[in-house]
file final-v3.csv (CSV, C-alpha atoms)
chain,number,residue,atom,x,y,z
A,1,SER,CA,-7.7,-1.7,-20.6
A,2,ASP,CA,-6.5,1.7,-21.8
A,3,HIS,CA,-4.5,2.0,-18.5
A,4,ALA,CA,-2.7,-1.4,-18.7
A,5,PRO,CA,0.8,-0.1,-19.5
A,6,ALA,CA,0.7,2.6,-16.9
A,7,ASP,CA,-0.8,0.1,-14.3
A,8,ARG,CA,2.1,-2.4,-15.0
A,9,ALA,CA,4.6,0.4,-14.7
A,10,GLY,CA,3.1,1.6,-11.4
A,11,ALA,CA,3.0,-1.8,-9.9
A,12,ARG,CA,6.6,-2.5,-11.0
A,13,ASP,CA,7.9,0.8,-9.7
A,14,PHE,CA,6.1,0.2,-6.3
A,15,LEU,CA,7.6,-3.3,-6.0
A,16,HIS,CA,11.1,-2.1,-6.9
A,17,ALA,CA,10.8,0.7,-4.2
A,18,ASN,CA,9.9,-1.9,-1.6
A,19,ILE,CA,12.7,-4.5,-2.2
A,20,ALA,CA,15.9,-4.1,-0.2
A,21,THR,CA,18.9,-6.1,1.0
A,22,ASP,CA,16.9,-7.1,4.1
A,23,SER,CA,14.0,-8.5,2.1
A,24,VAL,CA,13.0,-12.0,3.0
A,25,VAL,CA,11.1,-14.4,0.7
A,26,GLY,CA,8.9,-17.0,2.5
A,27,ASP,CA,7.5,-20.1,1.0
A,28,THR,CA,3.7,-20.5,1.3
A,29,GLY,CA,3.8,-24.1,0.1
A,30,SER,CA,1.5,-23.2,-2.8
A,31,ARG,CA,2.3,-23.3,-6.5
A,32,SER,CA,0.9,-21.4,-9.4
A,33,TYR,CA,1.8,-22.4,-13.0
A,34,HIS,CA,4.4,-24.8,-11.5
A,35,ARG,CA,6.1,-21.9,-9.7
A,36,PRO,CA,6.2,-21.3,-5.9
A,37,VAL,CA,3.9,-18.8,-4.4
A,38,THR,CA,5.9,-16.8,-1.8
A,39,THR,CA,5.6,-14.0,0.6
A,40,LEU,CA,7.9,-11.0,0.6
A,41,THR,CA,8.9,-9.0,3.8
A,42,THR,CA,11.1,-6.0,3.8
A,43,GLY,CA,12.1,-4.3,7.1
A,44,GLY,CA,9.5,-6.4,8.9
A,45,ASN,CA,6.7,-5.2,6.6
A,46,ASP,CA,4.6,-7.5,4.4
A,47,VAL,CA,5.3,-6.1,0.8
A,48,GLY,CA,2.3,-8.0,-0.6
A,49,LEU,CA,0.0,-6.3,1.9
A,50,SER,CA,1.5,-2.9,0.9
A,51,ILE,CA,1.0,-3.7,-2.8
A,52,LEU,CA,-2.7,-4.4,-2.1
A,53,ARG,CA,-3.2,-1.4,0.1
A,54,ASN,CA,-1.9,0.8,-2.6
A,55,GLY,CA,-4.0,-0.7,-5.3
A,56,TRP,CA,-1.3,-2.5,-7.3
A,57,GLY,CA,-2.4,-6.1,-6.8
A,58,MET,CA,-5.3,-8.5,-6.4
A,59,ALA,CA,-5.6,-10.9,-3.4
A,60,THR,CA,-5.8,-14.6,-4.3
A,61,PRO,CA,-7.6,-16.4,-1.6
A,62,GLN,CA,-6.8,-19.9,-3.0
A,63,TYR,CA,-3.1,-19.4,-2.1
A,64,LEU,CA,-3.9,-18.0,1.4
A,65,ARG,CA,-6.1,-20.8,2.8
A,66,ASP,CA,-3.4,-21.9,5.3
A,67,ASP,CA,-2.8,-18.4,6.6
A,68,PRO,CA,-6.2,-17.1,7.7
A,69,THR,CA,-4.8,-13.8,9.2
A,70,ARG,CA,-3.0,-12.9,6.0
A,71,LEU,CA,-6.1,-13.9,4.0
A,72,THR,CA,-8.3,-11.5,6.0
A,73,ASP,CA,-5.7,-8.7,5.8
A,74,TYR,CA,-5.2,-9.1,2.1
A,75,MET,CA,-8.9,-9.3,1.2
A,76,GLU,CA,-9.6,-6.2,3.3
A,77,ALA,CA,-6.6,-4.3,1.8
A,78,GLU,CA,-7.8,-5.0,-1.8
A,79,ARG,CA,-11.4,-4.1,-0.9
A,80,LEU,CA,-10.3,-0.7,0.5
A,81,ALA,CA,-8.0,0.0,-2.4
A,82,ARG,CA,-10.8,-0.6,-4.9
A,83,LEU,CA,-13.3,1.4,-2.8
A,84,ASN,CA,-10.8,4.4,-2.6
A,85,ARG,CA,-9.8,4.0,-6.3
A,86,LEU,CA,-6.1,3.6,-5.6
A,87,GLY,CA,-3.4,2.5,-8.0
A,88,ALA,CA,-4.7,0.3,-10.8
A,89,HIS,CA,-8.3,0.8,-9.5
A,90,ALA,CA,-8.2,4.6,-10.2
call {"tool": "encode", "arguments": {"input": "final-v3.csv", "output": "structure tokens"}}
result
Amino acid sequence: SDHAPADRAGARDFLHANIATDSVVGDTGSRSYHRPVTTLTTGGNDVGLSILRNGWGMATPQYLRDDPTRLTDYMEAERLARLNRLGAHA
């Protein structure tokens, strides 16, 4: 895509802005490419959900099967970001 470098920079900048000393990494029990799939919470807010709401990520249902609430929230956040052409979906 012509926008790939800008998209990566936008996603990276958004993630950096949402990591703090109170960030908490949670283990989902899933693995991708032999690496753990985790959750990230900062100040009580789900950073993954924020990334999706702002159009900087894609939900991956296969890693959320054991967390139906998060699965629903993530899928809806990505759908709305795409619909509203936010972030990388612009």
call {"tool": "atom_distance", "arguments": {"input": "final-v3.csv", "atom1": "atom CA of A:Ala11", "atom2": "atom CA of A:Ala77"}}
result
15.3 Å
call {"tool": "residues_around", "arguments": {"input": "final-v3.csv", "residues": "A:Val25", "least_positions_apart": "3", "cutoff": "9 Å", "atoms": "only C-alpha atoms", "output": "ChimeraX atom specification"}}
result
/A:38-42
call {"tool": "write_last_selection", "arguments": {"input": "final-v3.csv", "atoms": "C-alpha atoms", "output": "PDB file, in the frame of the given file"}}
result
ATOM      1  CA  THR A  38       5.900 -16.800  -1.800  1.00  0.00           C
ATOM      2  CA  THR A  39       5.600 -14.000   0.600  1.00  0.00           C
ATOM      3  CA  LEU A  40       7.900 -11.000   0.600  1.00  0.00           C
ATOM      4  CA  THR A  41       8.900  -9.000   3.800  1.00  0.00           C
ATOM      5  CA  THR A  42      11.100  -6.000   3.800  1.00  0.00           C
TER       6      THR A  42
END
call {"tool": "atom_distance", "arguments": {"input": "final-v3.csv", "atom1": "atom CA of A:Gly44", "atom2": "atom CA of A:Arg31"}}
result
24.0 Å
call {"tool": "residues_around", "arguments": {"input": "final-v3.csv", "residues": "A:Gly57", "least_positions_apart": "5", "cutoff": "9 Å", "atoms": "only C-alpha atoms", "output": "PyMOL selection string"}}
result
chain A and resi 11+48+51-52+78+87-88
call {"tool": "atom_distance", "arguments": {"input": "final-v3.csv", "atom1": "atom CA of A:Ser50", "atom2": "atom CA of A:Ser32"}}
result
21.2 Å
call {"tool": "closest_residue", "arguments": {"input": "final-v3.csv", "among": "A:Gly29, A:Met58, A:Tyr63, A:Ala90", "to": "A:Glu76", "atoms": "all atoms listed in the file"}}
result
A:Met58
call {"tool": "residues_near_point", "arguments": {"input": "final-v3.csv", "point": "(-8.6, 1.1, -4.9)", "cutoff": "8 Å", "atoms": "all atoms listed in the file", "output": "ChimeraX atom specification"}}
result
/A:53-55,78-90
call {"tool": "closest_residue", "arguments": {"input": "final-v3.csv", "among": "A:Asp66, A:Asp73, A:Gly43, A:Leu49", "to": "A:Ala20", "atoms": "only C-alpha atoms"}}
result
A:Gly43
call {"tool": "axis_aligned_box", "arguments": {"input": "final-v3.csv", "around": "stretch 57-76 of chain A", "padding_each_side": "3 Å", "output": "JSON"}}
result
{"center_x": -6.0, "center_y": -14.0, "center_z": 1.2, "size_x": 13.2, "size_y": 21.8, "size_z": 22.0}
call {"tool": "decode", "arguments": {"input": "final-v3.csv", "residues": "stretch 41-89 of chain A", "atoms": "C-alpha atoms", "output": "mmCIF file, in the first residue's frame"}}
result
data_model
loop_
_atom_site.group_PDB
_atom_site.id
_atom_site.type_symbol
_atom_site.label_atom_id
_atom_site.label_comp_id
_atom_site.auth_asym_id
_atom_site.auth_seq_id
_atom_site.Cartn_x
_atom_site.Cartn_y
_atom_site.Cartn_z
ATOM 1 C CA THR A 41 -3.888 -2.158 30.065
ATOM 2 C CA THR A 42 -2.832 1.371 31.018
ATOM 3 C CA GLY A 43 -4.633 3.318 33.712
ATOM 4 C CA GLY A 44 -7.390 0.703 33.672
ATOM 5 C CA ASN A 45 -7.962 1.169 29.924
ATOM 6 C CA ASP A 46 -7.563 -1.643 27.381
ATOM 7 C CA VAL A 47 -4.863 -0.328 25.020
ATOM 8 C CA GLY A 48 -5.701 -2.954 22.386
ATOM 9 C CA LEU A 49 -9.287 -1.728 22.295
ATOM 10 C CA SER A 50 -8.080 1.874 21.981
ATOM 11 C CA ILE A 51 -5.802 0.896 19.106
ATOM 12 C CA LEU A 52 -8.726 -0.746 17.311
ATOM 13 C CA ARG A 53 -11.126 2.142 17.988
ATOM 14 C CA ASN A 54 -8.648 4.550 16.429
ATOM 15 C CA GLY A 55 -8.087 2.393 13.356
ATOM 16 C CA TRP A 56 -4.519 1.303 14.064
ATOM 17 C CA GLY A 57 -5.066 -2.447 14.373
ATOM 18 C CA MET A 58 -7.004 -5.499 13.289
ATOM 19 C CA ALA A 59 -8.934 -7.765 15.631
ATOM 20 C CA THR A 60 -7.815 -11.395 15.609
ATOM 21 C CA PRO A 61 -10.736 -13.562 16.745
ATOM 22 C CA GLN A 62 -8.680 -16.765 16.929
ATOM 23 C CA TYR A 63 -6.781 -15.345 19.917
ATOM 24 C CA LEU A 64 -9.889 -14.074 21.703
ATOM 25 C CA ARG A 65 -12.012 -17.252 21.815
ATOM 26 C CA ASP A 66 -11.578 -17.603 25.586
ATOM 27 C CA ASP A 67 -12.664 -13.995 26.197
ATOM 28 C CA PRO A 68 -16.070 -13.494 24.512
ATOM 29 C CA THR A 69 -16.591 -9.977 25.888
ATOM 30 C CA ARG A 70 -13.245 -8.777 24.563
ATOM 31 C CA LEU A 71 -13.914 -10.586 21.257
ATOM 32 C CA THR A 72 -17.198 -8.703 20.805
ATOM 33 C CA ASP A 73 -15.680 -5.365 21.846
ATOM 34 C CA TYR A 74 -12.646 -5.763 19.576
ATOM 35 C CA MET A 75 -14.633 -6.844 16.523
ATOM 36 C CA GLU A 76 -17.065 -3.935 16.938
ATOM 37 C CA ALA A 77 -14.222 -1.434 17.470
ATOM 38 C CA GLU A 78 -12.492 -2.533 14.277
ATOM 39 C CA ARG A 79 -15.764 -2.499 12.325
ATOM 40 C CA LEU A 80 -16.536 1.067 13.406
ATOM 41 C CA ALA A 81 -12.977 2.270 12.681
ATOM 42 C CA ARG A 82 -13.227 0.829 9.159
ATOM 43 C CA LEU A 83 -16.694 2.307 8.659
ATOM 44 C CA ASN A 84 -15.513 5.738 9.806
ATOM 45 C CA ARG A 85 -12.215 5.478 7.901
ATOM 46 C CA LEU A 86 -10.051 6.068 10.955
ATOM 47 C CA GLY A 87 -6.295 5.585 11.234
ATOM 48 C CA ALA A 88 -4.952 3.073 8.733
ATOM 49 C CA HIS A 89 -8.440 2.696 7.237
#
